[in-house]
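*Asks:* Below is the file entry.txt, which contains compact mmCIF, C-alpha atoms.
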```txt
# COMPACT_ATOMS: atom_id res chain seq x y z
CA MET K 1 0.00 0.00 0.00
CA LYS K 2 1.29 3.43 -0.88
CA ILE K 3 1.87 5.81 2.00
CA THR K 4 -0.60 8.32 0.59
CA ARG K 5 -3.36 5.72 0.88
CA THR K 6 -2.84 4.93 4.59
CA LYS K 7 -5.34 6.11 7.12
CA ALA K 8 -2.72 7.95 9.14
CA PHE K 9 -1.63 9.94 6.11
CA LYS K 10 -5.19 10.92 5.35
CA VAL K 11 -5.92 11.87 8.94
CA PHE K 12 -2.87 14.09 8.97
CA PHE K 13 -3.20 15.78 5.58
CA THR K 14 -6.93 16.26 5.00
CA PRO K 15 -7.29 19.03 7.62
CA ILE K 16 -4.28 20.88 6.24
CA TRP K 17 -6.06 21.71 3.01
CA GLU K 18 -9.24 19.83 2.04
CA SER K 19 -11.20 20.21 5.27
CA ASN K 20 -9.13 23.00 6.75
CA PRO K 21 -10.62 24.05 10.10
CA VAL K 22 -10.50 27.77 9.26
CA SER K 23 -11.11 28.04 5.53
CA GLY K 24 -13.11 24.82 5.14
CA GLN K 25 -15.13 24.67 8.33
CA ILE K 26 -14.96 28.38 9.26
CA LEU K 27 -13.89 27.67 12.85
CA GLY K 28 -11.45 29.61 15.00
CA ILE K 29 -12.13 32.87 13.16
CA CYS K 30 -12.01 35.02 16.31
CA SER K 31 -8.32 34.46 16.97
CA ALA K 32 -7.55 34.45 13.25
CA LEU K 33 -8.83 38.03 13.12
CA ALA K 34 -7.19 39.18 16.32
CA VAL K 35 -3.60 37.97 16.25
CA THR K 36 -2.74 38.24 12.57
CA VAL K 37 -1.59 41.86 12.49
CA GLN K 38 1.99 40.68 12.84
CA LEU K 39 3.67 37.53 11.63
CA LYS K 40 5.48 36.94 14.91
CA THR K 41 2.36 36.82 17.08
CA ALA K 42 0.58 34.68 14.48
CA ILE K 43 3.36 32.09 14.56
CA VAL K 44 3.48 31.94 18.35
CA MET K 45 -0.31 31.65 18.49
CA SER K 46 -0.18 28.86 15.89
CA LEU K 47 2.43 26.96 17.88
CA ALA K 48 0.42 27.34 21.10
CA LEU K 49 -2.78 26.14 19.44
CA THR K 50 -1.09 23.21 17.68
CA PHE K 51 0.50 22.17 20.97
CA VAL K 52 -2.81 22.31 22.84
CA LEU K 53 -4.74 20.59 20.05
CA ALA K 54 -2.23 17.75 19.66
CA PHE K 55 -2.03 16.96 23.35
CA SER K 56 -5.71 17.45 24.13
CA ASN K 57 -6.60 15.05 21.32
CA PHE K 58 -3.95 12.60 22.49
CA SER K 59 -4.87 12.61 26.16
CA ILE K 60 -8.62 12.56 25.59
CA SER K 61 -8.16 9.66 23.21
CA LEU K 62 -6.08 7.80 25.82
CA MET K 63 -8.93 8.16 28.31
CA ARG K 64 -11.75 7.63 25.78
CA ASN K 65 -12.87 4.29 27.20
CA LEU K 66 -12.74 5.55 30.78
CA ILE K 67 -14.51 8.89 30.46
CA PRO K 68 -18.09 8.62 31.76
CA ARG K 69 -20.36 9.81 28.96
CA ASN K 70 -22.42 12.15 31.13
CA ILE K 71 -19.44 14.30 32.13
CA ARG K 72 -17.38 14.05 28.97
CA ILE K 73 -17.64 17.74 28.03
CA ILE K 74 -16.42 18.75 31.48
CA VAL K 75 -13.54 16.31 31.20
CA GLU K 76 -12.61 17.62 27.76
CA LEU K 77 -12.70 21.20 29.00
CA THR K 78 -10.57 20.37 32.04
CA VAL K 79 -7.90 18.75 29.89
CA ILE K 80 -7.96 21.60 27.37
CA ALA K 81 -7.89 24.29 30.05
CA THR K 82 -4.95 22.62 31.79
CA LEU K 83 -2.97 22.56 28.55
CA VAL K 84 -3.86 26.16 27.70
CA ILE K 85 -2.85 27.47 31.11
CA PHE K 86 0.37 25.52 30.82
CA ALA K 87 1.10 27.05 27.40
CA ASP K 88 0.29 30.50 28.76
CA GLN K 89 2.65 30.04 31.70
CA VAL K 90 5.47 28.90 29.42
CA LEU K 91 4.95 31.92 27.16
CA LYS K 92 4.99 34.26 30.17
CA ALA K 93 8.25 32.71 31.33
CA PHE K 94 10.15 32.65 28.06
CA LEU K 95 8.43 34.94 25.54
CA TYR K 96 7.08 37.69 27.80
CA ASP K 97 6.76 40.43 25.18
CA ILE K 98 4.86 38.24 22.75
CA SER K 99 2.69 36.90 25.54
CA LYS K 100 1.76 40.49 26.38
CA GLN K 101 0.87 41.19 22.76
CA LEU K 102 -1.26 38.05 22.55
CA SER K 103 -2.88 39.12 25.84
CA ILE K 104 -6.07 37.17 26.42
CA PHE K 105 -6.03 35.32 23.13
CA VAL K 106 -3.85 32.54 24.50
CA GLY K 107 -6.35 32.06 27.32
CA LEU K 108 -9.13 32.10 24.77
CA ILE K 109 -7.70 29.00 23.07
CA ILE K 110 -9.84 27.18 25.65
CA THR K 111 -12.96 28.30 23.84
CA ASN K 112 -11.55 27.78 20.35
CA CYS K 113 -14.11 25.64 18.56
CA ILE K 114 -11.46 23.70 16.69
CA ILE K 115 -10.18 22.09 19.87
CA MET K 116 -13.52 21.14 21.38
CA GLY K 117 -14.67 20.05 17.93
CA ARG K 118 -11.75 17.70 17.35
CA ALA K 119 -12.03 16.27 20.86
CA GLU K 120 -15.74 15.56 20.43
CA THR K 121 -15.77 14.31 16.87
CA TYR K 122 -12.41 12.60 16.60
CA ALA K 123 -10.49 11.90 19.79
CA LEU K 124 -13.43 10.31 21.60
CA GLY K 125 -13.79 7.63 18.92
CA ASN K 126 -10.28 6.99 17.65
CA PRO K 127 -7.01 5.53 19.02
CA PRO K 128 -4.35 7.86 20.51
CA PHE K 129 -1.84 7.79 17.67
CA LEU K 130 -4.38 8.74 15.02
CA SER K 131 -5.85 11.39 17.34
CA LEU K 132 -2.42 12.89 17.84
CA LEU K 133 -1.93 13.06 14.06
CA ASP K 134 -5.39 14.54 13.65
CA GLY K 135 -4.55 17.17 16.27
CA ILE K 136 -1.27 18.12 14.65
CA GLY K 137 -2.87 18.13 11.20
CA ASN K 138 -5.66 20.44 12.28
CA GLY K 139 -3.21 22.60 14.16
CA LEU K 140 -1.08 22.96 11.05
CA GLY K 141 -4.16 23.67 8.96
CA TYR K 142 -5.05 26.51 11.33
CA SER K 143 -1.44 27.72 11.43
CA GLN K 144 -1.21 27.78 7.65
CA ILE K 145 -4.19 30.12 7.33
CA LEU K 146 -3.06 32.29 10.25
CA ILE K 147 0.41 32.69 8.84
CA THR K 148 -0.84 33.42 5.32
CA VAL K 149 -3.23 36.07 6.63
CA ALA K 150 -0.50 37.55 8.84
CA ILE K 151 1.92 37.78 5.90
CA ILE K 152 -0.70 39.58 3.81
CA ARG K 153 -1.62 41.95 6.65
CA GLU K 154 1.85 42.79 7.89
CA LEU K 155 3.20 43.23 4.36
CA LEU K 156 0.39 45.43 3.10
CA GLY K 157 -0.44 47.11 6.40
CA ALA K 158 3.02 47.94 7.70
CA GLY K 159 5.37 47.12 4.82
CA LYS K 160 7.23 44.74 7.12
CA LEU K 161 7.73 41.05 7.80
CA PHE K 162 8.79 39.88 11.26
CA GLY K 163 9.13 43.57 12.11
CA PHE K 164 11.76 44.16 9.40
CA GLN K 165 10.98 46.54 6.61
CA VAL K 166 10.75 44.70 3.29
CA ILE K 167 9.19 47.33 1.08
CA PRO K 168 12.07 49.54 -0.09
CA ASP K 169 12.17 53.23 0.80
CA ALA K 170 12.37 54.02 -2.90
CA LEU K 171 8.83 52.77 -3.34
CA TYR K 172 7.59 55.03 -0.55
CA ALA K 173 9.47 57.90 -2.14
CA ILE K 174 7.46 57.58 -5.35
CA GLY K 175 4.18 57.66 -3.45
CA TYR K 176 3.47 54.12 -2.24
CA LYS K 177 1.52 54.07 1.02
CA ASN K 178 0.84 51.39 3.63
CA MET K 179 -2.72 50.13 3.62
CA GLY K 180 -3.88 51.18 7.10
CA PHE K 181 -7.04 49.17 6.56
CA MET K 182 -5.08 45.90 6.73
CA VAL K 183 -4.01 46.62 10.31
CA LEU K 184 -7.64 46.62 11.42
CA ALA K 185 -9.85 43.57 11.88
CA PRO K 186 -11.86 44.06 8.65
CA GLY K 187 -8.59 43.61 6.72
CA ALA K 188 -8.33 40.11 8.16
CA PHE K 189 -11.95 39.41 7.25
CA ILE K 190 -11.23 40.18 3.63
CA ALA K 191 -7.99 38.20 3.60
CA ILE K 192 -9.71 35.15 5.13
CA GLY K 193 -12.64 35.55 2.75
CA LEU K 194 -10.29 35.45 -0.23
CA ILE K 195 -8.60 32.33 1.14
CA VAL K 196 -11.96 30.61 1.63
CA TRP K 197 -12.90 31.51 -1.93
CA LEU K 198 -9.59 30.21 -3.25
CA GLN K 199 -9.97 26.99 -1.32
CA LYS K 200 -13.53 26.33 -2.41
CA THR K 201 -12.61 26.94 -6.05
CA VAL K 202 -9.50 24.76 -6.01
CA SER K 203 -10.95 21.83 -4.09
CA LYS K 204 -14.02 21.66 -6.34
CA GLU K 205 -11.89 20.58 -9.28
CA MET Y 206 -25.95 4.62 41.26
CA SER Y 207 -22.60 3.01 40.50
CA ASN Y 208 -22.46 5.13 37.34
CA HIS Y 209 -22.72 8.30 39.36
CA ILE Y 210 -20.00 7.17 41.71
CA LYS Y 211 -17.78 6.31 38.78
CA SER Y 212 -18.31 9.80 37.32
CA ILE Y 213 -17.52 11.47 40.61
CA ILE Y 214 -14.37 9.43 41.17
CA PHE Y 215 -13.23 10.07 37.61
CA ALA Y 216 -13.82 13.80 37.96
CA ALA Y 217 -12.01 13.92 41.29
CA VAL Y 218 -8.96 12.03 40.01
CA LEU Y 219 -8.81 14.19 36.88
CA SER Y 220 -9.00 17.39 38.92
CA ILE Y 221 -6.22 16.25 41.20
CA VAL Y 222 -3.97 15.23 38.31
CA CYS Y 223 -4.60 18.44 36.33
CA GLY Y 224 -4.34 20.59 39.44
CA SER Y 225 -1.00 19.16 40.49
CA LEU Y 226 0.41 19.44 36.97
CA LEU Y 227 -0.50 23.12 36.88
CA THR Y 228 0.89 23.75 40.35
CA LEU Y 229 4.13 22.13 39.26
CA ALA Y 230 4.32 24.26 36.10
CA SER Y 231 3.43 27.42 37.95
CA THR Y 232 5.98 27.02 40.73
CA GLY Y 233 8.65 25.81 38.32
CA LEU Y 234 8.25 28.79 36.00
CA LYS Y 235 7.59 31.45 38.64
CA GLU Y 236 11.21 32.54 38.88
CA TYR Y 237 11.47 33.21 35.14
CA GLN Y 238 8.15 35.04 35.09
CA LEU Y 239 9.08 37.31 37.99
CA LYS Y 240 12.33 38.18 36.25
CA ASN Y 241 10.38 39.09 33.11
CA ILE Y 242 7.96 41.23 35.08
CA ALA Y 243 10.78 43.09 36.84
CA LEU Y 244 12.52 43.70 33.53
CA ASP Y 245 9.27 44.88 31.97
CA LYS Y 246 8.83 47.42 34.78
CA GLN Y 247 12.33 48.75 34.20
CA LYS Y 248 11.60 48.97 30.50
CA ASN Y 249 8.44 50.98 31.15
CA ILE Y 250 10.23 53.34 33.53
CA LEU Y 251 12.77 53.99 30.79
CA LYS Y 252 9.98 54.38 28.24
CA SER Y 253 8.20 56.99 30.38
CA VAL Y 254 11.22 59.30 30.27
CA GLY Y 255 11.86 58.62 26.61
CA LEU Y 256 15.08 56.66 27.04
CA ILE Y 257 13.61 53.84 24.97
CA LYS Y 258 11.99 55.27 21.88
CA GLU Y 259 10.01 52.69 19.93
CA ASP Y 260 8.88 49.25 20.93
CA LYS Y 261 12.22 47.99 19.77
CA ALA Y 262 13.41 44.60 20.92
CA LEU Y 263 16.25 45.46 23.26
CA SER Y 264 18.30 42.78 24.94
CA LYS Y 265 17.99 42.24 28.66
CA ASP Y 266 21.51 43.53 29.29
CA THR Y 267 20.94 46.76 27.37
CA ILE Y 268 17.83 47.53 29.38
CA GLU Y 269 19.48 46.72 32.71
CA GLU Y 270 22.53 48.81 31.83
CA LEU Y 271 20.41 51.79 30.79
CA TYR Y 272 18.40 51.42 33.96
CA THR Y 273 21.30 51.27 36.39
CA ASN Y 274 23.04 54.15 34.64
CA SER Y 275 20.18 56.59 34.62
CA ILE Y 276 17.44 55.64 37.08
CA ARG Y 277 17.55 55.88 40.88
CA GLN Y 278 14.80 54.69 43.14
CA MET Y 279 14.11 57.08 46.03
CA TRP Y 280 11.31 57.78 48.47
CA VAL Y 281 9.21 60.85 49.20
CA ASP Y 282 8.35 61.66 52.83
CA PHE Y 283 5.25 63.53 53.99
CA GLU Y 284 6.94 66.91 53.56
CA GLY Y 285 7.83 66.17 49.97
CA LYS Y 286 11.49 65.64 50.71
CA ILE Y 287 13.31 63.01 48.68
CA VAL Y 288 15.08 60.51 50.90
CA PRO Y 289 17.14 57.39 50.16
CA LYS Y 290 15.95 53.96 51.13
CA GLN Y 291 17.73 53.90 54.50
CA GLN Y 292 15.77 56.88 55.84
CA LYS Y 293 12.45 55.84 54.44
CA GLY Y 294 9.47 55.94 56.78
CA THR Y 295 6.57 53.54 56.63
CA LYS Y 296 4.23 55.92 54.80
CA ASP Y 297 6.75 57.26 52.32
CA LEU Y 298 5.95 57.01 48.62
CA PRO Y 299 8.28 55.57 45.99
CA VAL Y 300 9.62 57.83 43.25
CA TYR Y 301 12.16 57.17 40.52
CA LEU Y 302 14.63 59.79 39.42
CA HIS Y 303 16.06 60.06 35.95
CA VAL Y 304 19.59 61.30 36.51
CA LYS Y 305 22.01 62.56 33.88
CA ASN Y 306 25.54 63.68 34.84
CA GLY Y 307 24.44 63.98 38.45
CA ASN Y 308 21.47 66.26 37.65
CA ILE Y 309 17.87 65.22 38.00
CA GLN Y 310 16.17 65.26 34.60
CA SER Y 311 12.76 63.98 35.55
CA TYR Y 312 10.67 62.53 38.36
CA ILE Y 313 8.92 59.24 37.63
CA ILE Y 314 5.81 58.54 39.68
CA PRO Y 315 4.32 55.05 39.83
CA VAL Y 316 0.63 55.10 38.98
CA ASP Y 317 -1.73 52.45 40.26
CA SER Y 318 -5.18 53.30 39.03
CA ARG Y 319 -8.55 51.67 38.94
CA GLY Y 320 -9.51 50.42 35.48
CA LEU Y 321 -12.68 49.02 34.03
CA TRP Y 322 -11.82 45.36 34.69
CA GLY Y 323 -8.85 45.58 37.03
CA ARG Y 324 -5.95 47.71 38.14
CA ILE Y 325 -3.93 49.73 35.67
CA SER Y 326 -0.28 50.06 36.64
CA GLY Y 327 2.14 52.38 34.96
CA TYR Y 328 4.49 55.33 35.31
CA LEU Y 329 3.98 59.04 34.84
CA ALA Y 330 7.17 60.99 34.34
CA LEU Y 331 7.40 64.73 35.04
CA LYS Y 332 10.15 66.99 33.81
CA LYS Y 333 12.32 68.73 36.40
CA ASP Y 334 10.00 71.76 36.49
CA GLY Y 335 7.42 69.51 38.19
CA VAL Y 336 4.71 70.68 35.80
CA THR Y 337 5.36 69.28 32.35
CA VAL Y 338 4.71 65.61 31.65
CA SER Y 339 7.61 63.93 29.93
CA GLY Y 340 5.86 60.64 29.34
CA PHE Y 341 3.45 57.96 30.43
CA SER Y 342 3.66 54.19 30.19
CA VAL Y 343 1.60 51.21 31.27
CA TYR Y 344 3.04 47.83 32.21
CA ASN Y 345 0.02 46.00 33.55
CA HIS Y 346 -3.70 46.22 32.89
CA SER Y 347 -6.67 44.02 32.16
CA GLU Y 348 -8.67 46.31 29.88
CA THR Y 349 -10.44 44.98 26.79
CA PRO Y 350 -7.95 44.40 23.94
CA GLY Y 351 -8.60 46.80 21.07
CA LEU Y 352 -10.65 49.17 23.24
CA GLY Y 353 -9.36 50.08 26.71
CA GLY Y 354 -6.32 47.93 25.98
CA GLU Y 355 -5.12 50.69 23.66
CA ILE Y 356 -3.75 52.50 26.74
CA GLU Y 357 -0.62 50.39 26.35
CA LYS Y 358 -0.14 51.54 22.77
CA ARG Y 359 2.29 54.19 21.70
CA TRP Y 360 -0.23 56.39 19.89
CA PHE Y 361 -2.10 56.89 23.16
CA GLN Y 362 0.90 57.27 25.43
CA LYS Y 363 2.84 59.67 23.24
CA ASN Y 364 0.09 62.28 23.63
CA PHE Y 365 1.05 62.73 27.27
CA ALA Y 366 4.44 64.20 26.45
CA GLY Y 367 4.45 67.97 26.90
CA LYS Y 368 1.10 68.18 28.71
CA LYS Y 369 0.86 70.16 31.99
CA ILE Y 370 -0.51 68.96 35.30
CA ILE Y 371 -1.51 72.46 36.49
CA ASP Y 372 -3.99 74.90 34.98
CA ASP Y 373 -3.49 78.58 34.17
CA ARG Y 374 -3.92 79.60 37.80
CA GLY Y 375 -1.36 77.10 39.02
CA LYS Y 376 -3.86 74.68 40.51
CA LEU Y 377 -3.12 70.97 40.32
CA VAL Y 378 -5.59 69.51 37.81
CA SER Y 379 -3.62 66.49 36.59
CA VAL Y 380 -3.81 65.26 33.01
CA ALA Y 381 -7.19 63.86 32.03
CA ILE Y 382 -8.28 61.67 29.16
CA ALA Y 383 -10.75 63.53 26.96
CA LYS Y 384 -13.89 61.97 25.55
CA GLY Y 385 -12.86 62.04 21.93
CA ARG Y 386 -10.17 64.19 20.37
CA VAL Y 387 -8.76 67.03 22.44
CA ALA Y 388 -8.74 69.42 19.48
CA ASP Y 389 -12.51 68.97 18.97
CA LYS Y 390 -13.82 68.64 22.50
CA ILE Y 391 -11.75 70.78 24.84
CA PRO Y 392 -11.57 74.61 24.87
CA GLU Y 393 -8.16 75.83 23.83
CA SER Y 394 -7.17 77.23 27.22
CA ARG Y 395 -7.48 73.80 28.80
CA GLN Y 396 -6.10 71.65 26.02
CA LYS Y 397 -2.77 71.36 27.77
CA ASN Y 398 -4.42 69.36 30.56
CA PHE Y 399 -6.04 66.74 28.30
CA VAL Y 400 -4.96 63.89 26.03
CA ASP Y 401 -6.93 62.25 23.22
CA GLY Y 402 -9.38 59.61 24.39
CA ILE Y 403 -9.97 56.15 23.01
CA SER Y 404 -13.26 55.60 21.21
CA GLY Y 405 -15.17 52.72 22.75
CA ALA Y 406 -13.27 53.02 26.01
CA THR Y 407 -14.89 55.95 27.78
CA LEU Y 408 -14.90 54.19 31.14
CA THR Y 409 -11.26 53.16 30.99
CA GLY Y 410 -10.45 56.79 30.26
CA LYS Y 411 -12.60 58.00 33.13
CA PHE Y 412 -11.03 55.63 35.66
CA LEU Y 413 -7.50 56.33 34.48
CA SER Y 414 -8.07 60.10 34.64
CA GLY Y 415 -9.29 59.65 38.21
CA GLY Y 416 -6.37 57.42 39.10
CA LEU Y 417 -3.83 59.87 37.73
CA LYS Y 418 -5.37 62.72 39.66
CA LEU Y 419 -5.46 60.77 42.94
CA THR Y 420 -1.83 59.77 42.49
CA LEU Y 421 -0.73 63.33 41.80
CA ILE Y 422 -2.65 64.63 44.82
CA GLU Y 423 -0.75 62.11 46.96
CA TYR Y 424 2.52 63.43 45.58
CA GLU Y 425 1.51 67.09 45.86
CA PRO Y 426 4.05 67.93 48.62
CA LEU Y 427 6.85 66.73 46.34
CA LEU Y 428 5.43 68.56 43.34
CA LYS Y 429 5.08 71.83 45.29
CA LYS Y 430 8.66 71.52 46.42
CA ILE Y 431 10.13 70.98 42.98
CA GLN Y 432 7.91 73.63 41.39
CA LYS Y 433 9.10 76.17 43.96
CA LYS Y 434 12.72 75.27 43.40
CA GLU Y 435 12.34 75.95 39.70
CA ASP Y 436 10.80 79.42 40.17
```
Please rewrite the model in this file as C-alpha cells.
*Replies:*
Amino acid sequence: MKITRTKAFKVFFTPIWESNPVSGQILGICSALAVTVQLKTAIVMSLALTFVLAFSNFSISLMRNLIPRNIRIIVELTVIATLVIFADQVLKAFLYDISKQLSIFVGLIITNCIIMGRAETYALGNPPFLSLLDGIGNGLGYSQILITVAIIRELLGAGKLFGFQVIPDALYAIGYKNMGFMVLAPGAFIAIGLIVWLQKTVSKE
Amino acid sequence: MSNHIKSIIFAAVLSIVCGSLLTLASTGLKEYQLKNIALDKQKNILKSVGLIKEDKALSKDTIEELYTNSIRQMWVDFEGKIVPKQQKGTKDLPVYLHVKNGNIQSYIIPVDSRGLWGRISGYLALKKDGVTVSGFSVYNHSETPGLGGEIEKRWFQKNFAGKKIIDDRGKLVSVAIAKGRVADKIPESRQKNFVDGISGATLTGKFLSGGLKLTLIEYEPLLKKIQKKED
C-alpha cells in the first residue's frame, strides 16, 4: 500500500487543506482576526494552538474508554484548560513580550471551537496515535491560514515582515503608502474571505 | 448509582492530576516570570522618560545597563522631601529619578489606578519643572484588547508628552483623558491638561483620569517643592 493511501496519512493531511478548520469549516475565526496583524504573534499563536490541540486530542483519546459519557464535556474542558494554562505560563516565562501582545487570546484558546470540535468528533472515537496526528494536522491547517493572513496583513499594512521593513524606501518615495485598513480587523476578514474563496474553487476541481 | 460514583471518582482524580500538573508548572516557571515582570517594569520606567523610543526589541543587558546608569529609586516623605531607602518611613511614597551627569532630569511617579476590569499600573514621568509631563507608560492592565487595551499603545501614550498637570492659575488639575479628540472637544485654554481619548473606552479613560489625579494629589508635597525650586 502506498503511503498516501494509509489512514494515518489521510488523517494528517486532510485538515491541512481539504477540510481545513479555518477556511473549510470556518472555525477559530475570532483568533484568526485578532492575532494576525503581525507575523510573529501569528506564529506563536499557531504553535500554542497546535500544541494544545495535539495533546488534548492525544490525552482525551487515551482516556476515551474511561470517560463517563455524562461528564465528557467537562472532562474535555478540564484537559484543554490545563494545557492552555500551561502554554500560557510557558509563554509568560520565556516569551514575555509576545505573551503580552497576545494578551487574552492565549487564554481564549480554551474556547476555540477547533479544539472542542476535534475532541468531540475525533479523539473520543479513535485511538491515541491517530488522534495525535489529527490534532497536529488540524493545528497545522489553522497555522497555515493564520500565517498566510499575517503575511498579507503585515506586508500590506506595515510594509514589514517579522518587524523588518521589506518594502524599499524608494517605493515610498514615489508615493506608495501602507494600507492602514489591513491593520484593522476588517482587513483580516477580507484576507480570510479570499482564502476561503480560493480553497472552495480549487478543491471543487 | 454506580455510574454516578464512577463519574464522581473520575472527575475527582482528573482534577487532582490536572491541578498538580498546573501547580508544578506554575511554581517551576515562577522565577522566570518574575524576572520578566521586573525587567518589563524597568523597560516601562525607561519608556516613560523617553530613554527607549520605539517598541524595539532590546536585549535584557541593554535595558538593565540603561536602567542602572540613569534611574535611581528614592522615596518621598510627607513633607515632599526626597530621601534614600535607609531613611524611608513607613508611609513614604516611591519615586524614581532620571539622573544625567548627576542632575535630576525627571521625576517618575508610579501610577496604580482603577480600570474598568482591574488595576492599571504604569508610570507618569514629570520633567524637572514639576509641571510638564515627559511621558506615560503602562506595564500592567486588564482592559479589553482593542478598546481600553489601547492604553498600552504608543499612539495613546505619546500624547502625554508635553502636557501640563496644572492649569493657568497654578492649581493641580492632573492630566485627564478627553472623551474624543482634544482638538474637537476641549476649549483651547485647557487643552494642555487633556490627552486624546480612546473611542469605545470611555470608562477606561474615566477611571484612568481619576487614578492619575489621585496619584498626583498624593505626591503634591513633592510637586510643590520641585515647582518652587524651579521658580
*Asks:* Within 12 Å of Glu120 in chain K, counting all atoms listed in the file, which residues show up once you throw out same-chain ones fewer than 3 positions away? Write them as a compact mmCIF listing (two decimals) with C-alpha atoms, keeping the file's coordinate frame, please.
*Replies:*
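Ended up saving to part_25.txt:
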```
# COMPACT_ATOMS: atom_id res chain seq x y z
CA SER K 56 -5.71 17.45 24.13
CA ASN K 57 -6.60 15.05 21.32
CA ILE K 60 -8.62 12.56 25.59
CA SER K 61 -8.16 9.66 23.21
CA ARG K 64 -11.75 7.63 25.78
CA ARG K 69 -20.36 9.81 28.96
CA ARG K 72 -17.38 14.05 28.97
CA ILE K 73 -17.64 17.74 28.03
CA ILE K 74 -16.42 18.75 31.48
CA VAL K 75 -13.54 16.31 31.20
CA GLU K 76 -12.61 17.62 27.76
CA LEU K 77 -12.70 21.20 29.00
CA CYS K 113 -14.11 25.64 18.56
CA ILE K 114 -11.46 23.70 16.69
CA ILE K 115 -10.18 22.09 19.87
CA MET K 116 -13.52 21.14 21.38
CA GLY K 117 -14.67 20.05 17.93
CA ALA K 123 -10.49 11.90 19.79
CA LEU K 124 -13.43 10.31 21.60
CA GLY K 125 -13.79 7.63 18.92
CA ASN K 126 -10.28 6.99 17.65
CA SER K 131 -5.85 11.39 17.34
```
*Asks:* If you count only C-alpha atoms, which residues fall within 9 Å of Leu49 in chain K, apart from same-chain ones fewer than 3 positions away, as an MDAnalysis selection string?
*Replies:* chainID K and resid 44:46 52:54 84 87 106 109 112 115 139 142:143
*Asks:* Taking (-3.8, 64.8, 34.1) in the file's coordinates, which residues come within 12 Å, counting only C-alpha atoms, written as a JSON list (two decimals) with C-alpha atoms, keeping the file's coordinate frame?
*Replies:*
```json
[["chain", "number", "residue", "atom", "x", "y", "z"],
["Y", 316, "VAL", "CA", 0.63, 55.10, 38.98],
["Y", 329, "LEU", "CA", 3.98, 59.04, 34.84],
["Y", 330, "ALA", "CA", 7.17, 60.99, 34.34],
["Y", 331, "LEU", "CA", 7.40, 64.73, 35.04],
["Y", 336, "VAL", "CA", 4.71, 70.68, 35.80],
["Y", 337, "THR", "CA", 5.36, 69.28, 32.35],
["Y", 338, "VAL", "CA", 4.71, 65.61, 31.65],
["Y", 340, "GLY", "CA", 5.86, 60.64, 29.34],
["Y", 341, "PHE", "CA", 3.45, 57.96, 30.43],
["Y", 364, "ASN", "CA", 0.09, 62.28, 23.63],
["Y", 365, "PHE", "CA", 1.05, 62.73, 27.27],
["Y", 366, "ALA", "CA", 4.44, 64.20, 26.45],
["Y", 367, "GLY", "CA", 4.45, 67.97, 26.90],
["Y", 368, "LYS", "CA", 1.10, 68.18, 28.71],
["Y", 369, "LYS", "CA", 0.86, 70.16, 31.99],
["Y", 370, "ILE", "CA", -0.51, 68.96, 35.30],
["Y", 371, "ILE", "CA", -1.51, 72.46, 36.49],
["Y", 372, "ASP", "CA", -3.99, 74.90, 34.98],
["Y", 376, "LYS", "CA", -3.86, 74.68, 40.51],
["Y", 377, "LEU", "CA", -3.12, 70.97, 40.32],
["Y", 378, "VAL", "CA", -5.59, 69.51, 37.81],
["Y", 379, "SER", "CA", -3.62, 66.49, 36.59],
["Y", 380, "VAL", "CA", -3.81, 65.26, 33.01],
["Y", 381, "ALA", "CA", -7.19, 63.86, 32.03],
["Y", 382, "ILE", "CA", -8.28, 61.67, 29.16],
["Y", 383, "ALA", "CA", -10.75, 63.53, 26.96],
["Y", 395, "ARG", "CA", -7.48, 73.80, 28.80],
["Y", 396, "GLN", "CA", -6.10, 71.65, 26.02],
["Y", 397, "LYS", "CA", -2.77, 71.36, 27.77],
["Y", 398, "ASN", "CA", -4.42, 69.36, 30.56],
["Y", 399, "PHE", "CA", -6.04, 66.74, 28.30],
["Y", 400, "VAL", "CA", -4.96, 63.89, 26.03],
["Y", 401, "ASP", "CA", -6.93, 62.25, 23.22],
["Y", 410, "GLY", "CA", -10.45, 56.79, 30.26],
["Y", 411, "LYS", "CA", -12.60, 58.00, 33.13],
["Y", 412, "PHE", "CA", -11.03, 55.63, 35.66],
["Y", 413, "LEU", "CA", -7.50, 56.33, 34.48],
["Y", 414, "SER", "CA", -8.07, 60.10, 34.64],
["Y", 415, "GLY", "CA", -9.29, 59.65, 38.21],
["Y", 416, "GLY", "CA", -6.37, 57.42, 39.10],
["Y", 417, "LEU", "CA", -3.83, 59.87, 37.73],
["Y", 418, "LYS", "CA", -5.37, 62.72, 39.66],
["Y", 419, "LEU", "CA", -5.46, 60.77, 42.94],
["Y", 420, "THR", "CA", -1.83, 59.77, 42.49],
["Y", 421, "LEU", "CA", -0.73, 63.33, 41.80],
["Y", 422, "ILE", "CA", -2.65, 64.63, 44.82]]
```
*Asks:* Using all atoms listed in the file, determine which residues lie at most 12 Å from Tyr312 in chain Y, disregarding the query and same-chain residues fewer than 4 positions distant; provide the list as a PyMOL selection string.
*Replies:* chain Y and resi 250-251+253-254+275-281+287+299-304+308+328-341+421+424+427-428+431-432
*Asks:* As a ChimeraX atom specification, could you give me every residue of chain K near chain Y (at most 12 Å apart, counting all atoms listed in the file)?
*Replies:* /K:33-35,59-60,63,65-105,162-164,183-185
*Asks:* How many Å separate CA of Gly285 in chain Y from CA of Pro426 in chain Y?
*Replies:* 4.4 Å
